[in-house]
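First up is the structure itself, then whatever we jot down about it.
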2 protein chains.
Amino acid sequence: MSQATATKGESLAPERLTVGVAARLSRYLQVLTQAKKQGRDSISSQEIGEYTHVNATQIRRDLSGFGKFGKRGVGYNIDFLILEIRKILRTSGQHNIALVGAGQLGQAIASSNIFGDHGFHISGVFDADPSKRGSAVGELAVQPMDDLTDAIREKNIIVGVLAVPPGSAQSAANALVDAGVKIVFSYSDALIDTPPDVTVHRSNPAEQLLYALYFYLS
Amino acid sequence: MSQATATKGESLAPERLTVGVAARLSRYLQVLTQAKKQGRDSISSQEIGEYTHVNATQIRRDLSGFGKFGKRGVGYNIDFLILEIRKILRTSGQHNIALVGAGQLGQAIASSNIFGDHGFHISGVFDADPSKRGSAVGELAVQPMDDLTDAIREKNIIVGVLAVPPGSAQSAANALVDAGVKIVFSYSDALIDTPPDVTVHRSNPAEQLLYALYFYLS
DNA sequence: TAGATTGTTAATCGATTAACAATC
DNA sequence: TAGATTGTTAATCGATTAACAATC
C-alpha cells in the first residue's frame with residue numbers, strides 16, 4: 001500500500017510508478033493507439049492482453065490503481081483510456097527527437113509513422129556522410145553532424161534515435177550525448193557506453209525471437 | 001524450489017524456464033555476443049547489468065541456477081557463458097527465417113547482422129510487388145509471395161519477419177501463417193490477429209522511449 | 001596479501017492468477 | 001433478464017535487493 005491516501009473522489013495516483021507499471025502502461029497505450037487507428041471504439045482487458053502478452057487481470061489491476069476507467073460488460077473506451085494513460089505517464093505533449101543515420105534504415109524510419117503515432121516528432125535527420133547532405137529523407141533534408149548540437153539545444157531535444165551501422169554506433173552516440181541528449185534508442189545491437197545520466201535502449205528482434213523459440217520448442 | 005533434484009556434479013536445470021528467466025537469458029546472450037565481437041574475454045555481472053538494465057545480483061542468481069559459470073574476482077568467461085546459455089535455451093543451432101518485405105526496411109535488415117549474429121539465417125526474401133521480383137537484397141534475390149509456402153516447408157522455417165507497411169501487415173502475416181510459420185516478428189506496430197498457436201512479437205521503439213521519458217521527467 | 005567478484009542467503013516487494021460480486 | 005466484463009480480493013509465486021562469506 002504505497003499509494004498516496006486519496007480522499008473521496010480524487011485520483012489514486014501513486015507518487016512514482018514502478019518500472020513494471022510504467023512499461024506496461026506504455027505497452028497498453030501502443031495497442032490502444034493502433035486499435036483506434038482501426039476505427040475501434042472500445043476494447044476489453046482480455047483483448048489488450050492478447051496483443052501485449054500481459055494477463056487480463058493484471059491489466060485491470062494496473063488501471064484500477066488510477067481510477068475506474070472501464071464499463072462493466074462493455075470494456076474500456078479507447079479515446080478516454082488513451083488520454084488517461086497519457087496523463088499518468090505525464091507524456092501528453094509532442095516530443096521532438098533527432099534521428100542520426102540517413103541510410104536505408106534511417107529513410108525507412110523517417111517515412112514511417114512508428115514514432116509519429118506515439119507523440120514523437122522527428123525534427124532533424126543527421127548523417128556523417130557529406131555526400132548525403134541536403135538529400136531528402138521523409139519530409140526533411142539531411143543535415144551534417146556539425147549541426148547536431150545547435151539543433152538539439154534549440155528544439156529542446158532529449159531523445160536521439162540511432163540508425164547507423166554497429167561500427168558507428170558509439171561515435172554517433174557520443175555526438176548525441178555531447179549535444180545534451182539523455183535517452184538514446186539504437187537500432188544496432190552494438191554495446192554503447194554512456195555517462196550514468198544517459199539511458200540507452202536497443203532494438204532487440206533476435207532476442208525476442210530467441211526466447212519465443214524456446215517456448216515453441218519446449 | 002521447483003528445480004529438479006540434482007545429484008552431485010550434475011546440472012541443476014529446471015524442467016522448463018519461466019518466461020522471465022528465458023527472456024533475461026536471451027538478453028544476456030545478446031550482450032555477450034556483442035562483447036565477444038569487441039574482442040572481450042570476460043565480463044562481470046555488474047557490467048552485463050549495465051547493458052541489460054537487469055540487477056547484477058539477479059543475473060548471478062539466474063546463472064547459478066544452472067551451474068557455477070563464473071570465477072570469483074574475475075567474472076564470466078564470455079565464450080563459455082555463451083555456450084552454456086545456448087544449451088539452456090536449447091537454441092544452439094542455426095535457424096532459418098523468412099523475411100517478407102523488400103523495401104528500404106527489408107533491405108536494411110537483410111544487409112545487417114542483427115539476425116545473423118544470433119543464429120538466425122535469412123534464407124528467403126519475399127515481396128508482393130512484382131516489380132521487385134529478382135532484384136538483389138543482401139545476398140538474396142527477391143521472390144514472389146507465391147513461393148513462400150514451398151520455401152517455408154522445404155527449409156523447415158518456423159520464424160517469419162515482417163518488414164512491410166502497417167496496411168499490409170495483416171495480409172503478409174496471414175501468408176506466413178498459412179505457410180506454417182509459428183513465430184512472427186513485425187517491424188510495424190499495426191495489430192495482427194493470428195491463430196492461438198502462433199505468437200506475434202512487435203518492434204516497439206516508441207513504447208520504450210515513452211517509458212524511458214517518464215523516468216527522465218520524474 | 002589485497003582487491004575484486006562470484007555464489008548464496010534471507011527478507012521484502014511486486015506480479016500473477018483464480019475467483020467472484022458488482023454492474024453495465 | 002441474460003450475458004459480458006469490470007473492479008477487487010486473497011493467496012501464491014517470482015523478482016528484487018542488501019549483505020556477506022567464499023575464493024579467484
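In the C-alpha cells, the first chain shown is A, the next is B, and so on; residue numbers restart at 1 for each chain, and ligands run from 1 in the order shown.
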Using only C-alpha atoms (C1' of nucleotides), which protein or nucleic acid residues come within 12 Å of DT8 in chain C? Drop anything in the same chain fewer than 6 positions from it, and give the result as a PDB file with all heavy atoms, in the first residue's frame.
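To be explicit, this is the file written out as selection.pdb:
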ATOM      1  N   THR B  57      22.808  -8.823  -9.055  1.00  0.00           N
ATOM      2  CA  THR B  57      22.532  -9.983  -8.205  1.00  0.00           C
ATOM      3  C   THR B  57      21.560 -10.930  -8.902  1.00  0.00           C
ATOM      4  O   THR B  57      21.709 -12.165  -8.834  1.00  0.00           O
ATOM      5  CB  THR B  57      21.924  -9.538  -6.861  1.00  0.00           C
ATOM      6  OG1 THR B  57      22.788  -8.577  -6.262  1.00  0.00           O
ATOM      7  CG2 THR B  57      21.761 -10.710  -5.935  1.00  0.00           C
ATOM      8  N   GLN B  58      20.589 -10.349  -9.559  1.00  0.00           N
ATOM      9  CA  GLN B  58      19.607 -11.136 -10.299  1.00  0.00           C
ATOM     10  C   GLN B  58      20.298 -11.962 -11.387  1.00  0.00           C
ATOM     11  O   GLN B  58      19.984 -13.140 -11.594  1.00  0.00           O
ATOM     12  CB  GLN B  58      18.586 -10.168 -10.929  1.00  0.00           C
ATOM     13  CG  GLN B  58      17.610 -10.804 -11.880  1.00  0.00           C
ATOM     14  CD  GLN B  58      16.503 -11.508 -11.130  1.00  0.00           C
ATOM     15  OE1 GLN B  58      16.660 -11.903  -9.980  1.00  0.00           O
ATOM     16  NE2 GLN B  58      15.400 -11.672 -11.781  1.00  0.00           N
ATOM     17  N   ARG B  60      23.441 -13.032 -11.425  1.00  0.00           N
ATOM     18  CA  ARG B  60      24.203 -14.121 -10.811  1.00  0.00           C
ATOM     19  C   ARG B  60      23.275 -15.233 -10.337  1.00  0.00           C
ATOM     20  O   ARG B  60      23.586 -16.416 -10.444  1.00  0.00           O
ATOM     21  CB  ARG B  60      25.041 -13.583  -9.641  1.00  0.00           C
ATOM     22  CG  ARG B  60      26.075 -12.552 -10.064  1.00  0.00           C
ATOM     23  CD  ARG B  60      27.205 -12.402  -9.059  1.00  0.00           C
ATOM     24  NE  ARG B  60      26.771 -11.963  -7.749  1.00  0.00           N
ATOM     25  CZ  ARG B  60      26.571 -10.693  -7.408  1.00  0.00           C
ATOM     26  NH1 ARG B  60      26.757  -9.729  -8.291  1.00  0.00           N
ATOM     27  NH2 ARG B  60      26.181 -10.377  -6.200  1.00  0.00           N
ATOM     28  N   ARG B  61      22.117 -14.824  -9.814  1.00  0.00           N
ATOM     29  CA  ARG B  61      21.143 -15.811  -9.368  1.00  0.00           C
ATOM     30  C   ARG B  61      20.579 -16.624 -10.534  1.00  0.00           C
ATOM     31  O   ARG B  61      20.458 -17.847 -10.457  1.00  0.00           O
ATOM     32  CB  ARG B  61      19.993 -15.117  -8.638  1.00  0.00           C
ATOM     33  CG  ARG B  61      20.042 -15.286  -7.134  1.00  0.00           C
ATOM     34  CD  ARG B  61      19.051 -14.388  -6.481  1.00  0.00           C
ATOM     35  NE  ARG B  61      17.682 -14.744  -6.856  1.00  0.00           N
ATOM     36  CZ  ARG B  61      16.900 -15.542  -6.130  1.00  0.00           C
ATOM     37  NH1 ARG B  61      17.347 -16.057  -5.005  1.00  0.00           N
ATOM     38  NH2 ARG B  61      15.680 -15.803  -6.517  1.00  0.00           N
ATOM     39  N   ASP B  62      20.261 -15.926 -11.613  1.00  0.00           N
ATOM     40  CA  ASP B  62      19.746 -16.619 -12.797  1.00  0.00           C
ATOM     41  C   ASP B  62      20.743 -17.672 -13.261  1.00  0.00           C
ATOM     42  O   ASP B  62      20.375 -18.806 -13.563  1.00  0.00           O
ATOM     43  CB  ASP B  62      19.522 -15.625 -13.949  1.00  0.00           C
ATOM     44  CG  ASP B  62      18.227 -14.825 -13.806  1.00  0.00           C
ATOM     45  OD1 ASP B  62      17.354 -15.260 -13.037  1.00  0.00           O
ATOM     46  OD2 ASP B  62      18.106 -13.775 -14.457  1.00  0.00           O
ATOM     47  N   SER B  64      23.393 -19.001 -11.597  1.00  0.00           N
ATOM     48  CA  SER B  64      23.819 -20.018 -10.634  1.00  0.00           C
ATOM     49  C   SER B  64      22.771 -21.122 -10.487  1.00  0.00           C
ATOM     50  O   SER B  64      23.057 -22.172  -9.921  1.00  0.00           O
ATOM     51  CB  SER B  64      24.134 -19.382  -9.283  1.00  0.00           C
ATOM     52  OG  SER B  64      22.948 -19.008  -8.629  1.00  0.00           O
ATOM     53  N   GLY B  65      21.583 -20.897 -11.013  1.00  0.00           N
ATOM     54  CA  GLY B  65      20.586 -21.957 -11.020  1.00  0.00           C
ATOM     55  C   GLY B  65      20.954 -23.100 -11.948  1.00  0.00           C
ATOM     56  O   GLY B  65      20.390 -24.190 -11.864  1.00  0.00           O
ATOM     57  N   LYS B  68      27.957 -23.385 -11.881  1.00  0.00           N
ATOM     58  CA  LYS B  68      28.884 -22.326 -11.452  1.00  0.00           C
ATOM     59  C   LYS B  68      29.703 -21.907 -12.659  1.00  0.00           C
ATOM     60  O   LYS B  68      30.719 -22.534 -12.986  1.00  0.00           O
ATOM     61  CB  LYS B  68      29.775 -22.843 -10.322  1.00  0.00           C
ATOM     62  CG  LYS B  68      28.952 -23.390  -9.166  1.00  0.00           C
ATOM     63  CD  LYS B  68      29.735 -23.457  -7.863  1.00  0.00           C
ATOM     64  CE  LYS B  68      28.818 -23.954  -6.760  1.00  0.00           C
ATOM     65  NZ  LYS B  68      29.396 -23.879  -5.416  1.00  0.00           N
TER      66      LYS B  68
ATOM     67  P    DA D  19      23.006  -3.380   3.216  1.00  0.00           P
ATOM     68  OP1  DA D  19      22.670  -2.742   4.508  1.00  0.00           O
ATOM     69  OP2  DA D  19      23.923  -2.715   2.258  1.00  0.00           O
ATOM     70  O5'  DA D  19      23.562  -4.837   3.507  1.00  0.00           O
ATOM     71  C5'  DA D  19      22.701  -5.818   4.095  1.00  0.00           C
ATOM     72  C4'  DA D  19      23.478  -7.113   4.227  1.00  0.00           C
ATOM     73  O4'  DA D  19      23.359  -7.868   2.994  1.00  0.00           O
ATOM     74  C3'  DA D  19      24.979  -6.912   4.469  1.00  0.00           C
ATOM     75  O3'  DA D  19      25.393  -7.767   5.515  1.00  0.00           O
ATOM     76  C2'  DA D  19      25.612  -7.275   3.138  1.00  0.00           C
ATOM     77  C1'  DA D  19      24.637  -8.329   2.623  1.00  0.00           C
ATOM     78  N9   DA D  19      24.646  -8.539   1.184  1.00  0.00           N
ATOM     79  C8   DA D  19      24.805  -7.600   0.193  1.00  0.00           C
ATOM     80  N7   DA D  19      24.779  -8.099  -1.026  1.00  0.00           N
ATOM     81  C5   DA D  19      24.575  -9.462  -0.816  1.00  0.00           C
ATOM     82  C6   DA D  19      24.450 -10.540  -1.707  1.00  0.00           C
ATOM     83  N6   DA D  19      24.503 -10.414  -3.039  1.00  0.00           N
ATOM     84  N1   DA D  19      24.258 -11.757  -1.168  1.00  0.00           N
ATOM     85  C2   DA D  19      24.205 -11.889   0.170  1.00  0.00           C
ATOM     86  N3   DA D  19      24.314 -10.943   1.097  1.00  0.00           N
ATOM     87  C4   DA D  19      24.495  -9.739   0.538  1.00  0.00           C
ATOM     88  P    DC D  20      26.796  -7.566   6.273  1.00  0.00           P
ATOM     89  OP1  DC D  20      26.512  -7.621   7.716  1.00  0.00           O
ATOM     90  OP2  DC D  20      27.519  -6.421   5.680  1.00  0.00           O
ATOM     91  O5'  DC D  20      27.572  -8.896   5.870  1.00  0.00           O
ATOM     92  C5'  DC D  20      26.900 -10.156   5.941  1.00  0.00           C
ATOM     93  C4'  DC D  20      27.690 -11.176   5.155  1.00  0.00           C
ATOM     94  O4'  DC D  20      27.306 -11.136   3.758  1.00  0.00           O
ATOM     95  C3'  DC D  20      29.215 -10.924   5.181  1.00  0.00           C
ATOM     96  O3'  DC D  20      29.888 -12.150   5.334  1.00  0.00           O
ATOM     97  C2'  DC D  20      29.485 -10.363   3.799  1.00  0.00           C
ATOM     98  C1'  DC D  20      28.493 -11.212   3.003  1.00  0.00           C
ATOM     99  N1   DC D  20      28.238 -10.752   1.631  1.00  0.00           N
ATOM    100  C2   DC D  20      27.888 -11.700   0.654  1.00  0.00           C
ATOM    101  O2   DC D  20      27.778 -12.884   0.988  1.00  0.00           O
ATOM    102  N3   DC D  20      27.702 -11.295  -0.627  1.00  0.00           N
ATOM    103  C4   DC D  20      27.837 -10.008  -0.945  1.00  0.00           C
ATOM    104  N4   DC D  20      27.636  -9.655  -2.216  1.00  0.00           N
ATOM    105  C5   DC D  20      28.181  -9.024   0.029  1.00  0.00           C
ATOM    106  C6   DC D  20      28.369  -9.431   1.297  1.00  0.00           C
ATOM    107  P    DA D  21      30.976 -12.348   6.486  1.00  0.00           P
ATOM    108  OP1  DA D  21      30.306 -12.066   7.769  1.00  0.00           O
ATOM    109  OP2  DA D  21      32.195 -11.619   6.081  1.00  0.00           O
ATOM    110  O5'  DA D  21      31.258 -13.916   6.412  1.00  0.00           O
ATOM    111  C5'  DA D  21      30.154 -14.825   6.368  1.00  0.00           C
ATOM    112  C4'  DA D  21      30.355 -15.836   5.255  1.00  0.00           C
ATOM    113  O4'  DA D  21      30.160 -15.193   3.968  1.00  0.00           O
ATOM    114  C3'  DA D  21      31.763 -16.438   5.211  1.00  0.00           C
ATOM    115  O3'  DA D  21      31.646 -17.811   4.853  1.00  0.00           O
ATOM    116  C2'  DA D  21      32.466 -15.624   4.128  1.00  0.00           C
ATOM    117  C1'  DA D  21      31.306 -15.385   3.157  1.00  0.00           C
ATOM    118  N9   DA D  21      31.432 -14.198   2.321  1.00  0.00           N
ATOM    119  C8   DA D  21      31.760 -12.928   2.702  1.00  0.00           C
ATOM    120  N7   DA D  21      31.775 -12.053   1.706  1.00  0.00           N
ATOM    121  C5   DA D  21      31.437 -12.820   0.600  1.00  0.00           C
ATOM    122  C6   DA D  21      31.282 -12.477  -0.752  1.00  0.00           C
ATOM    123  N6   DA D  21      31.439 -11.254  -1.221  1.00  0.00           N
ATOM    124  N1   DA D  21      30.947 -13.477  -1.582  1.00  0.00           N
ATOM    125  C2   DA D  21      30.769 -14.719  -1.123  1.00  0.00           C
ATOM    126  N3   DA D  21      30.892 -15.143   0.132  1.00  0.00           N
ATOM    127  C4   DA D  21      31.228 -14.127   0.959  1.00  0.00           C
ATOM    128  P    DA D  22      32.906 -18.733   4.720  1.00  0.00           P
ATOM    129  OP1  DA D  22      32.509 -20.054   5.222  1.00  0.00           O
ATOM    130  OP2  DA D  22      34.049 -18.024   5.306  1.00  0.00           O
ATOM    131  O5'  DA D  22      33.142 -18.845   3.155  1.00  0.00           O
ATOM    132  C5'  DA D  22      32.167 -19.501   2.347  1.00  0.00           C
ATOM    133  C4'  DA D  22      32.650 -19.517   0.910  1.00  0.00           C
ATOM    134  O4'  DA D  22      32.681 -18.150   0.404  1.00  0.00           O
ATOM    135  C3'  DA D  22      34.065 -20.072   0.711  1.00  0.00           C
ATOM    136  O3'  DA D  22      34.024 -20.934  -0.407  1.00  0.00           O
ATOM    137  C2'  DA D  22      34.914 -18.831   0.465  1.00  0.00           C
ATOM    138  C1'  DA D  22      33.933 -17.881  -0.201  1.00  0.00           C
ATOM    139  N9   DA D  22      34.201 -16.460  -0.014  1.00  0.00           N
ATOM    140  C8   DA D  22      34.479 -15.807   1.161  1.00  0.00           C
ATOM    141  N7   DA D  22      34.651 -14.511   1.018  1.00  0.00           N
ATOM    142  C5   DA D  22      34.459 -14.290  -0.333  1.00  0.00           C
ATOM    143  C6   DA D  22      34.510 -13.123  -1.117  1.00  0.00           C
ATOM    144  N6   DA D  22      34.761 -11.906  -0.618  1.00  0.00           N
ATOM    145  N1   DA D  22      34.288 -13.253  -2.444  1.00  0.00           N
ATOM    146  C2   DA D  22      34.020 -14.475  -2.936  1.00  0.00           C
ATOM    147  N3   DA D  22      33.945 -15.640  -2.298  1.00  0.00           N
ATOM    148  C4   DA D  22      34.184 -15.484  -0.988  1.00  0.00           C
TER     149       DA D  22
END
Inset, instruction - May I ask you to extract the residues of chain D within 8 Å of chain B, using only C-alpha atoms (C1' of nucleotides), and to give them as a PyMOL selection string? - result: chain D and resi 15-17+23-24
Inset, instruction - Going by DSSP on the backbone, which bits of chain B are alpha helix (DSSP H)? Write them as a PyMOL selection string, please. - result: chain B and resi 19-37+45-52+56-64+78-89+104-110+148-154+166-179+205-217
Deliver the residues from the most recent selection as a file, using C-alpha atoms, as a short mmCIF file (atom, residue, chain, number, x, y, z; two decimals), in the first residue's frame.
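The resulting file, result_2.cif, is reproduced below:
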data_model
loop_
_atom_site.label_atom_id
_atom_site.label_comp_id
_atom_site.auth_asym_id
_atom_site.auth_seq_id
_atom_site.Cartn_x
_atom_site.Cartn_y
_atom_site.Cartn_z
CA VAL B 19 9.07 -16.55 -19.07
CA GLY B 20 11.15 -14.07 -17.07
CA VAL B 21 14.25 -16.25 -16.89
CA ALA B 22 14.12 -17.18 -20.59
CA ALA B 23 13.73 -13.53 -21.60
CA ARG B 24 16.62 -12.43 -19.39
CA LEU B 25 18.93 -15.24 -20.53
CA SER B 26 18.27 -14.18 -24.15
CA ARG B 27 19.14 -10.65 -23.15
CA TYR B 28 22.42 -11.70 -21.52
CA LEU B 29 23.24 -13.69 -24.62
CA GLN B 30 22.85 -10.64 -26.79
CA VAL B 31 25.23 -8.61 -24.63
CA LEU B 32 27.75 -11.46 -24.51
CA THR B 33 27.66 -11.81 -28.30
CA GLN B 34 28.37 -8.10 -28.71
CA ALA B 35 31.10 -8.08 -26.05
CA LYS B 36 32.77 -11.00 -27.82
CA LYS B 37 32.64 -9.06 -31.08
CA SER B 45 27.65 -9.49 -13.70
CA GLN B 46 27.85 -5.79 -12.90
CA GLU B 47 28.70 -4.94 -16.47
CA ILE B 48 26.08 -7.23 -18.01
CA GLY B 49 23.65 -5.43 -15.71
CA GLU B 50 24.61 -2.01 -17.02
CA TYR B 51 23.88 -3.03 -20.60
CA THR B 52 20.71 -5.03 -19.93
CA ALA B 56 23.65 -7.73 -11.07
CA THR B 57 22.53 -9.98 -8.20
CA GLN B 58 19.61 -11.14 -10.30
CA ILE B 59 21.98 -12.07 -13.12
CA ARG B 60 24.20 -14.12 -10.81
CA ARG B 61 21.14 -15.81 -9.37
CA ASP B 62 19.75 -16.62 -12.80
CA LEU B 63 23.03 -18.19 -13.87
CA SER B 64 23.82 -20.02 -10.63
CA ILE B 78 32.35 -14.91 -22.46
CA ASP B 79 32.81 -17.84 -24.88
CA PHE B 80 31.96 -20.36 -22.19
CA LEU B 81 28.91 -18.48 -20.95
CA ILE B 82 27.55 -18.08 -24.48
CA LEU B 83 27.75 -21.84 -24.96
CA GLU B 84 26.11 -22.56 -21.61
CA ILE B 85 23.21 -20.15 -22.16
CA ARG B 86 22.64 -21.55 -25.65
CA LYS B 87 22.45 -25.02 -24.11
CA ILE B 88 19.94 -23.82 -21.52
CA LEU B 89 17.78 -22.13 -24.15
CA GLN B 104 14.10 0.15 -47.57
CA LEU B 105 13.49 -1.52 -44.23
CA GLY B 106 13.74 -5.05 -45.60
CA GLN B 107 16.93 -4.20 -47.41
CA ALA B 108 18.42 -2.62 -44.29
CA ILE B 109 17.59 -5.75 -42.28
CA ALA B 110 18.92 -8.18 -44.89
CA LEU B 148 6.51 -18.55 -49.71
CA THR B 149 4.73 -21.79 -48.84
CA ASP B 150 7.17 -24.04 -50.66
CA ALA B 151 10.20 -22.23 -49.26
CA ILE B 152 8.92 -22.41 -45.70
CA ARG B 153 8.13 -26.11 -45.92
CA GLU B 154 11.37 -27.05 -47.64
CA PRO B 166 1.17 -1.25 -41.46
CA GLY B 167 -1.58 -1.65 -44.07
CA SER B 168 -0.01 -4.85 -45.41
CA ALA B 169 0.99 -6.37 -42.07
CA GLN B 170 -2.13 -8.49 -41.56
CA SER B 171 -2.18 -9.95 -45.07
CA ALA B 172 1.54 -10.68 -45.03
CA ALA B 173 1.13 -12.32 -41.62
CA ASN B 174 -1.73 -14.42 -42.99
CA ALA B 175 0.52 -15.64 -45.79
CA LEU B 176 3.23 -16.62 -43.28
CA VAL B 177 0.73 -18.38 -41.02
CA ASP B 178 -0.85 -20.26 -43.92
CA ALA B 179 2.59 -21.46 -44.92
CA PRO B 205 10.81 1.72 -30.13
CA ALA B 206 8.20 4.37 -29.29
CA GLU B 207 6.95 2.31 -26.37
CA GLN B 208 10.44 2.08 -24.90
CA LEU B 209 11.03 5.79 -25.38
CA LEU B 210 7.71 6.63 -23.75
CA TYR B 211 8.53 4.89 -20.53
CA ALA B 212 12.16 5.99 -20.53
CA LEU B 213 10.80 9.53 -20.84
CA TYR B 214 8.55 9.02 -17.82
CA PHE B 215 11.53 8.21 -15.64
CA TYR B 216 13.54 11.05 -17.09
CA LEU B 217 10.75 13.53 -16.39
#
Taking the chain letters and numbering used in this document, name the residues of chain B that DSSP puts in strand (DSSP E or B), as a short mmCIF file (atom, residue, chain, number, x, y, z; two decimals) with N, CA and C atoms, in the first residue's frame.
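This went into states01.cif:
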data_model
loop_
_atom_site.label_atom_id
_atom_site.label_comp_id
_atom_site.auth_asym_id
_atom_site.auth_seq_id
_atom_site.Cartn_x
_atom_site.Cartn_y
_atom_site.Cartn_z
N SER B 42 36.30 -11.70 -20.88
CA SER B 42 35.44 -11.96 -19.74
C SER B 42 34.64 -10.71 -19.40
N ILE B 43 33.60 -10.92 -18.59
CA ILE B 43 32.70 -9.80 -18.25
C ILE B 43 32.11 -10.09 -16.87
N GLY B 70 30.95 -18.76 -13.31
CA GLY B 70 31.87 -17.64 -13.14
C GLY B 70 33.12 -18.00 -12.37
N LYS B 71 34.02 -17.02 -12.29
CA LYS B 71 35.24 -17.18 -11.50
C LYS B 71 35.29 -15.98 -10.55
N GLY B 75 35.05 -12.78 -13.01
CA GLY B 75 33.83 -12.59 -13.81
C GLY B 75 33.51 -13.85 -14.59
N TYR B 76 32.82 -13.69 -15.70
CA TYR B 76 32.41 -14.83 -16.53
C TYR B 76 33.22 -14.86 -17.82
N ASN B 77 33.70 -16.05 -18.20
CA ASN B 77 34.33 -16.22 -19.50
C ASN B 77 33.24 -16.13 -20.56
N HIS B 95 18.98 -21.19 -37.24
CA HIS B 95 17.55 -21.25 -37.55
C HIS B 95 17.28 -20.44 -38.80
N ASN B 96 16.62 -21.07 -39.75
CA ASN B 96 16.26 -20.35 -40.97
C ASN B 96 15.04 -19.47 -40.71
N ILE B 97 15.08 -18.25 -41.22
CA ILE B 97 13.91 -17.38 -41.11
C ILE B 97 13.55 -16.82 -42.48
N ALA B 98 12.29 -16.43 -42.63
CA ALA B 98 11.82 -15.82 -43.88
C ALA B 98 11.56 -14.34 -43.64
N LEU B 99 12.00 -13.51 -44.57
CA LEU B 99 11.78 -12.06 -44.47
C LEU B 99 10.76 -11.64 -45.52
N VAL B 100 9.69 -11.00 -45.06
CA VAL B 100 8.69 -10.51 -46.01
C VAL B 100 8.78 -8.99 -46.09
N PHE B 120 20.30 -16.67 -36.46
CA PHE B 120 19.17 -16.69 -37.40
C PHE B 120 19.67 -16.40 -38.81
N HIS B 121 19.38 -17.28 -39.72
CA HIS B 121 19.82 -17.11 -41.11
C HIS B 121 18.63 -16.76 -41.99
N ILE B 122 18.69 -15.60 -42.61
CA ILE B 122 17.60 -15.19 -43.51
C ILE B 122 17.74 -16.01 -44.78
N SER B 123 16.82 -16.96 -44.99
CA SER B 123 17.02 -17.87 -46.11
C SER B 123 16.11 -17.55 -47.28
N GLY B 124 15.32 -16.49 -47.17
CA GLY B 124 14.49 -16.08 -48.30
C GLY B 124 13.89 -14.71 -48.05
N VAL B 125 13.84 -13.88 -49.12
CA VAL B 125 13.20 -12.56 -49.02
C VAL B 125 12.03 -12.53 -50.00
N PHE B 126 10.86 -12.13 -49.52
CA PHE B 126 9.65 -12.19 -50.34
C PHE B 126 8.98 -10.83 -50.39
N ASP B 127 8.38 -10.54 -51.54
CA ASP B 127 7.66 -9.26 -51.66
C ASP B 127 6.49 -9.44 -52.63
N ALA B 136 18.17 -7.80 -56.13
CA ALA B 136 19.02 -8.30 -55.05
C ALA B 136 18.75 -7.56 -53.74
N VAL B 137 18.66 -8.33 -52.66
CA VAL B 137 18.54 -7.78 -51.31
C VAL B 137 19.56 -8.52 -50.47
N LEU B 140 20.54 -12.16 -51.37
CA LEU B 140 19.41 -12.94 -51.88
C LEU B 140 18.67 -12.22 -53.00
N ALA B 141 17.93 -12.98 -53.79
CA ALA B 141 17.07 -12.40 -54.81
C ALA B 141 15.63 -12.42 -54.30
N VAL B 142 14.91 -11.32 -54.52
CA VAL B 142 13.53 -11.23 -54.04
C VAL B 142 12.65 -12.26 -54.75
N GLN B 143 11.85 -12.97 -53.95
CA GLN B 143 10.94 -13.97 -54.52
C GLN B 143 9.49 -13.50 -54.38
N PRO B 144 8.61 -13.94 -55.26
CA PRO B 144 7.19 -13.57 -55.14
C PRO B 144 6.56 -14.30 -53.95
N VAL B 159 10.00 -19.24 -38.16
CA VAL B 159 10.04 -17.82 -37.80
C VAL B 159 9.95 -16.95 -39.04
N GLY B 160 9.03 -15.99 -39.04
CA GLY B 160 8.90 -15.03 -40.14
C GLY B 160 9.06 -13.61 -39.64
N VAL B 161 9.75 -12.77 -40.41
CA VAL B 161 9.95 -11.37 -40.03
C VAL B 161 9.22 -10.49 -41.04
N LEU B 162 8.40 -9.57 -40.54
CA LEU B 162 7.63 -8.68 -41.40
C LEU B 162 8.26 -7.30 -41.46
N ILE B 183 6.07 -18.28 -35.37
CA ILE B 183 6.51 -17.09 -34.64
C ILE B 183 6.70 -15.97 -35.65
N VAL B 184 6.02 -14.84 -35.40
CA VAL B 184 6.11 -13.70 -36.31
C VAL B 184 6.71 -12.52 -35.57
N PHE B 185 7.70 -11.88 -36.19
CA PHE B 185 8.20 -10.63 -35.65
C PHE B 185 7.88 -9.53 -36.65
N SER B 186 7.15 -8.50 -36.19
CA SER B 186 6.75 -7.44 -37.10
C SER B 186 7.41 -6.11 -36.74
N THR B 199 2.57 -17.00 -32.25
CA THR B 199 2.83 -15.84 -31.41
C THR B 199 3.37 -14.70 -32.27
N VAL B 200 2.95 -13.49 -31.91
CA VAL B 200 3.38 -12.30 -32.64
C VAL B 200 4.18 -11.40 -31.70
N HIS B 201 5.35 -11.00 -32.13
CA HIS B 201 6.12 -10.01 -31.40
C HIS B 201 6.25 -8.78 -32.28
N ARG B 202 6.18 -7.62 -31.66
CA ARG B 202 6.29 -6.40 -32.46
C ARG B 202 7.43 -5.53 -31.99
#
Inset, instruction - Could you check how far CA of Pro196 in chain B sits from CA of Gly39 in chain A, in Å to one decimal? - result: 23.7 Å
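With distances restricted to only C-alpha atoms, A:Ser188 is the closest residue to chain B from A:Asn156, A:Ser188, A:Thr194, A:Ser131.
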